[in-house]
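What follows is the content of run_26.txt (compact mmCIF, C-alpha atoms).
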```txt
# COMPACT_ATOMS: atom_id res chain seq x y z
CA MET A 1 12.63 20.95 58.11
CA SER A 2 10.89 17.92 56.59
CA ASP A 3 10.64 14.67 58.57
CA SER A 4 12.09 12.95 55.49
CA VAL A 5 15.41 14.79 55.79
CA TYR A 6 18.20 14.01 58.24
CA VAL A 7 21.46 15.94 58.45
CA GLY A 8 24.30 14.58 60.56
CA ASN A 9 27.97 13.83 60.90
CA ALA A 10 29.13 10.25 60.23
CA GLY A 11 31.77 10.29 62.97
CA LYS A 12 29.41 11.65 65.62
CA ASP A 13 26.31 9.68 64.61
CA ALA A 14 28.24 6.42 64.20
CA ALA A 15 29.47 6.66 67.79
CA LEU A 16 25.84 6.56 68.97
CA ASP A 17 24.89 3.35 67.16
CA ARG A 18 28.05 1.19 66.91
CA GLY A 19 28.85 2.66 63.51
CA TRP A 20 25.47 2.27 61.86
CA LEU A 21 24.13 5.25 59.95
CA LEU A 22 21.34 3.67 57.92
CA GLY A 23 19.49 0.34 57.75
CA HIS A 24 16.57 -1.81 58.85
CA PHE A 25 17.53 -1.34 62.53
CA LYS A 26 16.72 2.39 62.57
CA GLU A 27 13.24 3.39 63.79
CA VAL A 28 10.47 3.23 61.18
CA GLY A 29 9.73 6.82 60.18
CA ASP A 30 13.37 7.88 60.60
CA PRO A 31 14.75 8.85 57.17
CA ARG A 32 17.70 6.57 57.97
CA HIS A 33 15.45 3.48 58.14
CA SER A 34 15.91 1.25 55.09
CA GLU A 35 15.33 -2.37 54.25
CA ALA A 36 17.06 -1.89 50.91
CA VAL A 37 20.53 -0.89 52.12
CA GLU A 38 22.59 -0.40 55.27
CA ILE A 39 25.59 1.86 55.76
CA LYS A 40 28.23 1.79 58.48
CA TRP A 41 30.99 4.27 59.34
CA GLY A 42 33.31 1.83 61.08
CA VAL A 43 36.00 3.22 63.37
CA HIS A 44 38.28 0.39 64.46
CA PRO A 45 41.27 0.55 66.82
CA ARG A 46 44.41 -1.40 65.86
CA GLY A 47 43.84 -5.11 66.53
CA ASP A 48 40.03 -4.90 66.43
CA GLU A 49 38.53 -7.95 64.78
CA ARG A 50 35.12 -9.43 64.09
CA ALA A 51 34.14 -11.74 66.94
CA GLU A 52 33.13 -14.51 64.53
CA TRP A 53 32.89 -15.16 60.80
CA VAL A 54 29.70 -14.28 58.94
CA ARG A 55 28.40 -17.57 57.53
CA GLY A 56 25.61 -18.02 55.00
CA GLU A 57 25.83 -14.45 53.68
CA GLU A 58 22.70 -13.37 51.79
CA ARG A 59 23.77 -9.78 51.13
CA THR A 60 26.17 -8.02 48.80
CA ALA A 61 28.72 -5.76 50.46
CA LEU A 62 31.10 -2.97 49.50
CA LEU A 63 33.79 -2.00 52.02
CA VAL A 64 35.88 1.13 51.31
CA LEU A 65 39.00 2.11 53.27
CA ILE A 66 38.90 5.74 54.41
CA SER A 67 42.07 5.57 56.54
CA GLY A 68 44.35 3.01 58.17
CA ARG A 69 45.13 -0.55 57.13
CA PHE A 70 42.29 -3.08 57.16
CA ARG A 71 42.16 -6.76 56.20
CA VAL A 72 39.02 -8.48 54.95
CA GLU A 73 39.19 -12.24 55.35
CA LEU A 74 37.39 -14.33 52.76
CA PRO A 75 37.44 -18.10 52.22
CA GLY A 76 40.86 -18.94 50.81
CA ARG A 77 41.83 -15.28 50.38
CA ASP A 78 42.64 -12.22 52.45
CA VAL A 79 42.29 -8.74 50.95
CA LEU A 80 44.49 -6.03 52.47
CA LEU A 81 43.21 -2.48 52.06
CA GLU A 82 46.18 -0.10 52.47
CA GLU A 83 45.53 3.06 50.46
CA GLN A 84 42.64 5.46 50.94
CA GLY A 85 39.93 4.42 48.53
CA ASP A 86 40.95 0.74 48.31
CA TYR A 87 37.81 -1.36 48.35
CA VAL A 88 36.46 -4.89 48.12
CA VAL A 89 33.06 -6.18 47.05
CA TRP A 90 31.65 -9.61 47.88
CA GLY A 91 28.27 -11.15 47.28
CA HIS A 92 25.78 -13.79 48.26
CA GLY A 93 27.30 -16.91 49.75
CA VAL A 94 30.72 -15.39 50.52
CA ASP A 95 31.57 -15.90 54.20
CA HIS A 96 33.80 -13.21 55.69
CA SER A 97 35.52 -11.68 58.68
CA TRP A 98 37.87 -8.71 59.19
CA PHE A 99 40.84 -7.41 61.18
CA ALA A 100 42.13 -3.85 61.69
CA GLU A 101 45.89 -4.03 61.20
CA GLU A 102 46.12 -0.33 62.10
CA GLU A 103 43.58 2.11 63.51
CA SER A 104 41.14 2.27 60.59
CA VAL A 105 38.02 3.97 59.33
CA VAL A 106 35.98 2.05 56.77
CA LEU A 107 32.69 2.72 55.04
CA THR A 108 30.55 -0.37 54.53
CA VAL A 109 27.49 -0.51 52.29
CA ARG A 110 25.42 -3.70 52.28
CA TRP A 111 22.25 -4.63 50.48
CA PRO A 112 19.61 -5.62 51.22
CA SER A 113 19.37 -4.65 54.88
CA VAL A 114 18.15 -7.75 56.68
CA PRO A 115 18.28 -8.91 60.31
CA GLY A 116 20.09 -12.02 61.43
CA TYR A 117 23.79 -11.17 61.27
CA ALA A 118 24.33 -9.63 64.70
CA VAL A 119 27.13 -10.97 66.84
CA ALA A 120 25.85 -11.52 70.38
CA GLU A 121 27.33 -8.74 72.49
CA HIS A 122 26.48 -7.17 75.81
CA GLY A 123 24.28 -4.11 75.55
CA GLY A 124 22.38 -5.11 72.38
CA GLY A 125 22.23 -2.58 69.59
CA PRO A 126 22.50 -2.95 65.84
CA PRO A 127 24.55 -5.68 64.18
CA ARG A 128 28.30 -5.45 63.74
CA SER A 129 29.62 -5.77 60.25
```

Can the structure from this file be put into structure tokens for me?
Amino acid sequence: MSDSVYVGNAGKDAALDRGWLLGHFKEVGDPRHSEAVEIKWGVHPRGDERAEWVRGEERTALLVLISGRFRVELPGRDVLLEEQGDYVVWGHGVDHSWFAEEESVVLTVRWPSVPGYAVAEHGGGPPRS
């Protein structure tokens, strides 16, 4: 198999790296390393929430609900994703946070993949979305 091919399972691989499947935080040389885009398979228990708002956003993001009920909080507006496939897109300069109203699985795609958005947590690892 080529070193430029990676085959995996989002649920299993995400559990190893706090949800992150692809992005700048993967090892250089790993086919999942990218500075152009980052992808997260987010599995969130009911009541899970982002520890703090993202401020000064420089990326564009797409968040798609796979299952559950998930709220994305934006300045002056909350978006509730309730049906599989519901999604929201926000861009540069849009601060945000989120809250899992029910156990939820969401797919997040952000571009570009840049450092600087990690919430300080014990144990290090890649940034939380």

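Comparing the minimum interatomic distances between Gly42 of chain A and each of A:Gly76, A:Gly91, A:Pro112, A:Gly68, counting only C-alpha atoms, we find that A:Gly68 sits nearest.
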
Q. Around (44.4, -10.1, 60.3) in the file's frame, which residues reach within 10 Å when counting all atoms listed in the file? Return as a list in words?
A.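 Result, sorted by chain then residue number: Gly47, Asp48, Glu49, Phe70, Arg71, Val72, Glu73, Asp78, Val79, Leu80, Ser97, Trp98, Phe99, Ala100 and Glu101 of chain A.
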
Q) Can you tell me, as a ChimeraX atom specification, what residues are no more than 8 Å from Leu74 of chain A when counting all atoms listed in the file, ignoring any on the same chain fewer than 6 positions away? A) /A:94-97

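With only C-alpha atoms as the atoms that count, the minimum distance from Ile39 of chain A to the choices A:Ser113, A:Glu103, A:Thr108, A:Asp13 is reached by A:Thr108.
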
Q) Which residue, A:Asp30, A:Ser67, A:Arg50, A:Val105, has the smallest gap to Ala10 of chain A when you use only C-alpha atoms? A)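 Between A:Asp30, A:Ser67, A:Arg50, A:Val105, the residue approaching Ala10 of chain A most closely is A:Val105.
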
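Ranking A:Trp20, A:Tyr87, A:Tyr6, A:Trp53 by their shortest atom-to-atom distance to Lys40 of chain A, with all atoms listed in the file included, puts A:Trp20 first.
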
Q.
Restricting the calculation to all atoms listed in the file: of A:Ala14, A:Ser4, A:Arg59, A:Leu21, which residue gets closest to Ala36 of chain A?
A.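 Ranked by minimum distance to Ala36 of chain A, first place goes to A:Arg59.
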
**Q.** Distance of atom CA of Gly8 of chain A from atom CA of Glu27 of chain A, expressed in Å to one decimal place
**A.**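 Computing it gives 16.1 Å between the two atoms.
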
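Atom CA of Gly19 of chain A sits 22.6 Å away from atom CA of Gly56 of chain A.
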
Q) Closest to Gly29 of chain A among A:Val88, A:Val64, A:Leu81, A:Val5, using only C-alpha atoms? A) A:Val5

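Coordinates place atom CA of Leu107 of chain A at a distance of 8.1 Å from atom CA of Leu62 of chain A.
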
Protein/DNA/RNA residues near (16.9, -2.1, 59.7), cut 8 Å, all atoms listed in the file, as a CSV table (one decimal) with C-alpha atoms, in the coordinates of the input:
```csv
chain,number,residue,atom,x,y,z
A,22,LEU,CA,21.3,3.7,57.9
A,23,GLY,CA,19.5,0.3,57.8
A,24,HIS,CA,16.6,-1.8,58.8
A,25,PHE,CA,17.5,-1.3,62.5
A,26,LYS,CA,16.7,2.4,62.6
A,27,GLU,CA,13.2,3.4,63.8
A,33,HIS,CA,15.4,3.5,58.1
A,34,SER,CA,15.9,1.2,55.1
A,35,GLU,CA,15.3,-2.4,54.2
A,38,GLU,CA,22.6,-0.4,55.3
A,113,SER,CA,19.4,-4.6,54.9
A,114,VAL,CA,18.2,-7.8,56.7
A,115,PRO,CA,18.3,-8.9,60.3
```

Box dimensions and centre (Å, one decimal) enclosing segment 107-115 of chain A, axis-aligned, 6 Å extra per side, as lines of an AutoDock Vina configuration file:
```
center_x = 25.4
center_y = -3.1
center_z = 55.4
size_x = 26.5
size_y = 23.6
size_z = 21.8
```
